[in-house]
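Report on one structure; see the data block that follows.
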Amino acid sequence: FDSAIAKHRDGDAAKSVDLADRACRFGHGEACFQLGGWLKPDKPSQARAAYDRACAANHAAGCNNAGLLRLAEKGVTDKLRLEAAGLLSKACAGDVTAACTLAGRLLARSDPQAAVKLYRRGCDLDSVAACRELGVTLYAGKGTPVDKTRAANLFAAACRLGDGIACRNFAAMALRGDGIGKNQVLAGERMHRGCKLGDGAACLAFGQMLCAGVGVDKDHFHAANFFKVGCARGSK
């Protein structure tokens, strides 16, 4: 494999691919992974095969890329989604953080309990998105018993770390006193933060709070601005 890297540095692409392929066939996971990267721009089907072999050799990033290539195909079928979910789950087990969230989303309907385990794993690996998704499942009781207090804590933590949707979710709970103590002022602060972090729905909700004077001083002028921002970000 080292020879393949050296040939690639020398600009001999054909020889580097040949050497990497040989190493890959002998079960060298990193060689398979590198081969996939070299083949991906022009030969995606061969790249996918290389990533599959990397995954078979327990190369977590190879599993991740093998899953992503399946999802990138035109006309993705349910079979491909299921294959991708399995590969991404293996990548998640190998500490590829983003794979945990994506695999969880793919399995959320067909196997909610597996999705919860993946979100929990991703959250343990400090994925903000996984923590938010885990909060959603705990709030709704999908694949796990309802635990709104834990959901609120996850939303609050993800919000602090920069997830706008999590800020909106926490604000909505605080606004209603749903699972946590009712606190309209805190709800306003978190909804505003969600908007600042790019969540269009949070902008609309904060505009509504400004119109009604709930948790914030009534201000129709600034409310209109937040409505415009929310609409510009695709929320209605």
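Chain lettering (A, B, ...) mirrors the order of the structure tokens, residue numbering begins at 1 for each chain separately, and ligand numbering begins at 1 in order of display.
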Which residues are close to Met173 of chain A, i.e. within 12 Å by only C-alpha atoms, leaving aside same-chain residues fewer than 5 positions away? Reply as number ranges by chain. A: 135-136, 139, 148-153, 155-156, 166-168, 178-184, 186-188, 190-191
All residues 8 Å or closer to Val17 of chain A, only C-alpha atoms, same chain fewer than 4 positions away omitted, as a list in words: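 The residues satisfying every condition are Ala4, Ala13, Asp21, Leu35 and Trp38 of chain A.
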Counting only C-alpha atoms, which residue out of A:Lys117, A:Arg132, A:Arg53, A:His28 sits closest to Thr144 of chain A?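 Result for the nearest residue to Thr144 of chain A: A:Lys117.
Omitting Leu80 of chain A and its sequence neighbours fewer than 5 positions away, and counting only C-alpha atoms, the residues within 9 Å are Gly67, Arg70, Leu71, Glu73 and Ala85 of chain A.
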Contact table segment 139-205 of chain A vs segment 118-129 of chain A, cut-off 10 Å, shortest pair per residue, only C-alpha atoms, as a tab-separated table:
residue	atom	partner	partner_atom	distance
A:Leu154	CA	A:Val128	CA	9.1
A:Phe155	CA	A:Val128	CA	9.2
A:Ala157	CA	A:Val128	CA	8.3
A:Ala158	CA	A:Val128	CA	5.3
A:Cys159	CA	A:Val128	CA	8.5
A:Arg160	CA	A:Val128	CA	9.6
A:Leu161	CA	A:Val128	CA	6.9
A:Gly162	CA	A:Val128	CA	8.0
A:Asp163	CA	A:Val128	CA	6.9
A:Ile165	CA	A:Ala129	CA	9.3
A:Ala166	CA	A:Ala129	CA	8.6
Measuring atom to atom with only C-alpha atoms, identify which of A:Ala23, A:Ala60, A:Ala54, A:Leu134 is nearest to Val146 of chain A.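 Using only C-alpha atoms, Val146 of chain A sits closest to A:Leu134.
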With only C-alpha atoms as the counted atoms, please give the residues lying no more than 8 Å from Gly198 of chain A, apart from itself and same-chain residues fewer than 3 positions off, as an mmCIF file with all heavy atoms, in the first residue's frame.
data_model
loop_
_atom_site.group_PDB
_atom_site.id
_atom_site.type_symbol
_atom_site.label_atom_id
_atom_site.label_comp_id
_atom_site.auth_asym_id
_atom_site.auth_seq_id
_atom_site.Cartn_x
_atom_site.Cartn_y
_atom_site.Cartn_z
ATOM 1 N N GLY A 164 -30.017 25.432 16.087
ATOM 2 C CA GLY A 164 -31.176 26.324 16.113
ATOM 3 C C GLY A 164 -32.492 25.604 16.314
ATOM 4 O O GLY A 164 -33.391 26.104 17.004
ATOM 5 N N GLY A 194 -32.568 30.593 18.525
ATOM 6 C CA GLY A 194 -32.804 29.668 17.426
ATOM 7 C C GLY A 194 -32.858 30.384 16.087
ATOM 8 O O GLY A 194 -32.321 29.907 15.086
ATOM 9 N N CYS A 195 -33.498 31.541 16.074
ATOM 10 C CA CYS A 195 -33.567 32.344 14.854
ATOM 11 C C CYS A 195 -32.176 32.816 14.439
ATOM 12 O O CYS A 195 -31.798 32.714 13.270
ATOM 13 C CB CYS A 195 -34.506 33.529 15.073
ATOM 14 S SG CYS A 195 -34.629 34.628 13.635
ATOM 15 N N ARG A 233 -36.236 32.136 4.868
ATOM 16 C CA ARG A 233 -35.569 30.864 5.157
ATOM 17 C C ARG A 233 -36.465 29.664 4.879
ATOM 18 O O ARG A 233 -36.137 28.543 5.249
ATOM 19 C CB ARG A 233 -35.086 30.843 6.616
ATOM 20 C CG ARG A 233 -33.936 31.824 6.875
ATOM 21 C CD ARG A 233 -33.544 31.884 8.330
ATOM 22 N NE ARG A 233 -32.440 32.817 8.526
ATOM 23 C CZ ARG A 233 -32.039 33.265 9.712
ATOM 24 N NH1 ARG A 233 -32.640 32.847 10.809
ATOM 25 N NH2 ARG A 233 -31.049 34.115 9.811
#
Would you work out the distance separating atom CA of Ser235 of chain A from atom CA of Gly207 of chain A, expressed in Å to one decimal?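 Answer for the atom CA of Ser235 of chain A to atom CA of Gly207 of chain A separation: 12.3 Å.
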